[in-house]
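Structure first, then comments.
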Amino acid sequence: MDTALYHRLLEAIRQLPAIDAHEHLPEEGERLSQPADVFTLFSHYTHNDLITAGMSREAYDRTQDAAVPLDERWAIFEPWWKLARHTSYCRAALIAVQRFYDADDITANNYAQISERIQAANTEGLYDRVLRQACGITKCLTQIGRIPQANRDLLVPVLPLTQWAEIADSAQVARRAAKVGMPVTTLSNYCEVIRSDLADLKNKGVVGFKIHAGIAPDKANREAAETQFARLMFSSGEHQQIVPGDALWTFIIHETIAACGELELPVSVHTGILWTNWQDFTVEHPRRLIPTILTHRQTRFDLYHAGIPWIREIGIIAKSYPNVWLNLCWVHIISQRLAIAALDEWLDLIPYNKILGFGGDYGKPVEKVYGHLQMAREDIAKVLAGRVTDGYFNEDEALNIARAWLFDNPNLQLQQTNSVLGENHLSFGGPQPESVQAC
Ligand SMILES: [Zn+2]
């Protein structure tokens with residue numbers, strides 16, 4: 001590769017604005033309310049690699065306990081850090097300390113000093129300094145299970161899609177109906193409640209709903225769903241909790257996905273690799289989504305994480321179905337080389353307007369959004385420099401593509417969703433908080 005060309009492109013890409021297409025960032029106040037130190041940078045994802053290296057879960061959890069003295073936590077951490085430090089997960093932490101805490105590395109000699117600097121910087125305006133000023137990010141699509149109550153100039157909510165299909169009992173149906181002021185006696189009534197609720201949430205600034213490939217619904221059976229709904233609502237004495245796989249659950253998921261399409265709300269889908277050790281990631285294979293994608297052609301599907309490790313298969317899915325976009329959230333910190341391979345193949349396969357190039361996918365360590373974005377910019381510059389060198393297009397076109405991946409494509413998606421953006425939303429209640437998971 002032409003190194004000078006790569007660095008020229010990288011520098012130009014660093015000047016571009018970015019829309020962060022997926023995060024789990026809560027309101028800034030939540031981060032500021034907790035003690036912060038060097039281990040804050042290892043509070044997300046890196047635990048996977050430390051544990052894979054050989055660290056026990058109990059030892060890892062101890063590094064995250066601020067009540068344990070810092071030097072004791074470092075002694076637990078250091079042997080595994082030395083082994084895991086070259087993974088992409090860990091690189092984001094190293095870039096973050098270089099950019100924000102004036103340190104070249106994280107070592108026995110400087111962990112205490114880095115910790116002091118992180119705590120000193122854990123003050124109001126942290127999000128603005130990191131996300132807006134250092135990263136050039138204009139919006140973060142965040143999933144925290146509810147609508148954020150603050151920082152709405154930056155944080156744009158995406159909520160769980162399964163919330164209407166998960167039904168504990170008939171009283172829960174009645175509460176949801178009362179919330180939108182509609183009576184419910186039939187399944188059709190309940191579907192109207194879902195549509196009304198979705199429209200209301202969209203008016204409050206919600207820009208999408210999330211599901212994961214592992215629970216992609218089977219074909220809907222309306223008759224079986226109506227029977228189950230009637231039993232839920234009118235048979236007494238039995239606990240009738242509705243769970244994934246039930247006919248009623250499946251029907252409601254399909255209805256919700258269809259309603260998202262009608263309301264121009266995209267459906268986000270986790271695909272591939274999972275976020276902790278000891279899980280069977282094969283259940284999240286992107287191919288499980290194909291029947292759903294085919295059934296709901298009016299709904300936009302925003303497929304996350306490049307379907308890792310099935311980057312080629314998800315590329316063919318995006319090539320085949322015009323209602324699919326590919327979102328590289330989380331991908332650059334899983335493996336930069338894999339991200340480069342995916343983008344390079346996808347340039348052959350997919351029109352470049354269908355790729356969303358970056359999503360940090362962090363909760364607490366907001367500084368690592370910068371590290372991740374820097375890695376994304378490097379990956380994009382490498383792929384595009386290779387293409388320019390090989391004569392596919394010129395540097396101007398390379399920058400057009402980079403801008404599309406980092407800003408224009410997610411921005412067009414937000415415009416299509418037709419949400420009110422660029423102004424502070426009022427604070428709204430939204431659904432009840434759920435436990436926040438990564439990815
Ligand atoms: Zn995520």
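Starting from 1 in every chain, residues are counted up; chains themselves are A, B, ... following the order of the structure tokens, and ligands are numbered from 1 as listed.
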Residue neighbourhood A:Ala318, 9 Å, only C-alpha atoms, exclusion window fewer than 6 positions, as number ranges by chain: A: 303, 324-326, 349-350, 354
Please, could you write that set of residues out with N, CA and C atoms as an mmCIF file, in the first residue's frame?
```
data_model
loop_
_atom_site.group_PDB
_atom_site.id
_atom_site.type_symbol
_atom_site.label_atom_id
_atom_site.label_comp_id
_atom_site.auth_asym_id
_atom_site.auth_seq_id
_atom_site.Cartn_x
_atom_site.Cartn_y
_atom_site.Cartn_z
ATOM 1 N N LEU A 303 -28.422 -4.332 10.360
ATOM 2 C CA LEU A 303 -27.769 -5.527 10.921
ATOM 3 C C LEU A 303 -26.415 -5.162 11.527
ATOM 4 N N VAL A 324 -31.924 -4.089 3.711
ATOM 5 C CA VAL A 324 -30.879 -4.376 4.709
ATOM 6 C C VAL A 324 -29.739 -3.366 4.618
ATOM 7 N N TRP A 325 -29.305 -2.870 5.776
ATOM 8 C CA TRP A 325 -28.095 -2.062 5.914
ATOM 9 C C TRP A 325 -27.127 -2.834 6.826
ATOM 10 N N LEU A 326 -25.843 -2.627 6.650
ATOM 11 C CA LEU A 326 -24.846 -3.271 7.509
ATOM 12 C C LEU A 326 -24.179 -2.215 8.396
ATOM 13 N N LEU A 349 -19.332 -6.057 -3.180
ATOM 14 C CA LEU A 349 -20.660 -6.667 -3.115
ATOM 15 C C LEU A 349 -21.819 -5.670 -3.039
ATOM 16 N N ILE A 350 -21.594 -4.567 -2.319
ATOM 17 C CA ILE A 350 -22.736 -3.766 -1.851
ATOM 18 C C ILE A 350 -22.546 -2.292 -2.225
ATOM 19 N N LYS A 354 -25.140 1.516 1.702
ATOM 20 C CA LYS A 354 -25.795 0.578 2.619
ATOM 21 C C LYS A 354 -24.936 0.222 3.839
#
```
Distance query A:Asn411 at most 12 Å, only C-alpha atoms, self and fewer than 6 positions along chain excluded, as JSON, numbers by chain: {"A": [17, 18, 19, 20, 21, 137, 138, 139, 140, 141, 207, 353, 354, 355, 356, 357, 403, 404, 405, 417, 418, 419, 421, 422]}
Stretch 115-227 of chain A: residues DSSP assigns to alpha helix (DSSP H), reported as a PyMOL selection string: chain A and resi 115-120+126-127+170-180+187-203+222-227
DSSP-assigned strand (DSSP E) members of stretch 189-230 of chain A, reported as a PyMOL selection string: chain A and resi 209-212
Please write the residues from the selection above to a file, keeping C-alpha atoms, as an mmCIF file, in the first residue's frame.
```cif
data_model
loop_
_atom_site.group_PDB
_atom_site.id
_atom_site.type_symbol
_atom_site.label_atom_id
_atom_site.label_comp_id
_atom_site.auth_asym_id
_atom_site.auth_seq_id
_atom_site.Cartn_x
_atom_site.Cartn_y
_atom_site.Cartn_z
ATOM 1 C CA PHE A 209 -36.052 -0.871 17.891
ATOM 2 C CA LYS A 210 -33.656 -3.721 18.531
ATOM 3 C CA ILE A 211 -33.894 -7.502 18.456
ATOM 4 C CA HIS A 212 -31.267 -10.212 18.045
#
```
9 Å shell around ligand 1 using only C-alpha atoms and all ligand atoms, listed as a ChimeraX atom specification: /A:22-24,142-143,270,275,304-305,329-330,359-363,437-439
Same residues, N, CA, C and O atoms, output as a CSV table (one decimal), in the first residue's frame:
```csv
chain,number,residue,atom,x,y,z
A,22,HIS,N,-24.2,3.2,17.1
A,22,HIS,CA,-24.7,2.3,18.2
A,22,HIS,C,-23.8,2.4,19.4
A,22,HIS,O,-22.6,2.2,19.4
A,23,GLU,N,-24.5,2.7,20.6
A,23,GLU,CA,-23.8,2.8,21.9
A,23,GLU,C,-24.7,2.3,22.9
A,23,GLU,O,-25.9,2.0,22.7
A,24,HIS,N,-24.2,2.1,24.2
A,24,HIS,CA,-25.0,1.9,25.4
A,24,HIS,C,-24.7,2.9,26.4
A,24,HIS,O,-24.8,2.7,27.6
A,142,THR,N,-28.1,5.4,21.2
A,142,THR,CA,-27.8,4.7,22.4
A,142,THR,C,-28.9,3.8,22.8
A,142,THR,O,-30.1,4.1,22.7
A,143,GLN,N,-28.5,2.6,23.4
A,143,GLN,CA,-29.5,1.6,23.9
A,143,GLN,C,-29.2,1.4,25.3
A,143,GLN,O,-28.3,0.7,25.7
A,270,HIS,N,-28.9,-7.6,16.4
A,270,HIS,CA,-27.6,-8.1,16.8
A,270,HIS,C,-27.4,-9.4,16.0
A,270,HIS,O,-28.3,-10.3,15.9
A,275,TRP,N,-20.9,-11.2,23.7
A,275,TRP,CA,-20.0,-10.2,24.4
A,275,TRP,C,-19.4,-10.7,25.7
A,275,TRP,O,-18.7,-10.0,26.3
A,304,TYR,N,-26.3,-5.5,12.8
A,304,TYR,CA,-25.1,-5.1,13.6
A,304,TYR,C,-24.0,-6.1,13.5
A,304,TYR,O,-24.2,-7.3,13.3
A,305,HIS,N,-22.7,-5.6,13.7
A,305,HIS,CA,-21.6,-6.4,14.0
A,305,HIS,C,-21.0,-7.3,12.9
A,305,HIS,O,-20.3,-8.3,13.1
A,329,CYS,N,-20.9,-1.3,13.9
A,329,CYS,CA,-20.7,-1.1,15.3
A,329,CYS,C,-20.0,-2.3,16.0
A,329,CYS,O,-20.3,-3.4,15.6
A,330,TRP,N,-19.1,-2.0,16.9
A,330,TRP,CA,-18.4,-3.0,17.7
A,330,TRP,C,-17.3,-3.7,16.9
A,330,TRP,O,-16.4,-4.4,17.4
A,359,GLY,N,-19.9,2.4,15.1
A,359,GLY,CA,-20.7,2.5,16.4
A,359,GLY,C,-19.7,2.0,17.5
A,359,GLY,O,-19.2,0.9,17.4
A,360,GLY,N,-19.6,2.8,18.5
A,360,GLY,CA,-18.6,2.5,19.6
A,360,GLY,C,-19.0,1.3,20.4
A,360,GLY,O,-18.1,0.5,20.7
A,361,ASP,N,-20.3,1.2,20.7
A,361,ASP,CA,-20.8,0.1,21.5
A,361,ASP,C,-20.3,0.0,22.9
A,361,ASP,O,-20.1,-1.1,23.4
A,362,TYR,N,-20.1,1.1,23.5
A,362,TYR,CA,-19.6,1.1,24.9
A,362,TYR,C,-20.7,1.6,25.8
A,362,TYR,O,-21.6,2.3,25.4
A,363,GLY,N,-20.5,1.3,27.1
A,363,GLY,CA,-21.4,1.8,28.1
A,363,GLY,C,-20.7,2.9,29.0
A,363,GLY,O,-20.9,4.1,28.9
A,437,GLN,N,-27.4,-4.7,28.6
A,437,GLN,CA,-26.5,-5.6,28.1
A,437,GLN,C,-25.6,-5.0,27.0
A,437,GLN,O,-26.0,-3.9,26.5
A,438,ALA,N,-24.5,-5.5,26.8
A,438,ALA,CA,-23.6,-4.9,25.7
A,438,ALA,C,-24.1,-5.5,24.4
A,438,ALA,O,-24.9,-6.3,24.2
A,439,CYS,N,-23.4,-4.9,23.3
A,439,CYS,CA,-23.6,-5.3,21.9
A,439,CYS,C,-24.9,-4.9,21.4
A,439,CYS,O,-25.5,-5.4,20.5
```
Selection: 9 Å around A:Ile317, only C-alpha atoms, excl. self and same-chain fewer than 5 positions, as a ChimeraX atom specification: /A:286-287,290,312,324
Against stretch 73-80 of chain A, which residues of stretch 45-64 of chain A fall within 7 Å? For each one I want the closest pair of atoms and the distance in Å (one decimal), counting only C-alpha atoms, rows by chain and increasing residue number, as JSON lines.
```
{"residue": "A:Leu50", "atom": "CA", "partner": "A:Trp80", "partner_atom": "CA", "distance": 5.7}
{"residue": "A:Ala53", "atom": "CA", "partner": "A:Trp80", "partner_atom": "CA", "distance": 6.3}
{"residue": "A:Met55", "atom": "CA", "partner": "A:Trp80", "partner_atom": "CA", "distance": 6.4}
{"residue": "A:Ala59", "atom": "CA", "partner": "A:Ile76", "partner_atom": "CA", "distance": 6.7}
{"residue": "A:Arg62", "atom": "CA", "partner": "A:Arg73", "partner_atom": "CA", "distance": 6.8}
{"residue": "A:Thr63", "atom": "CA", "partner": "A:Arg73", "partner_atom": "CA", "distance": 4.9}
```
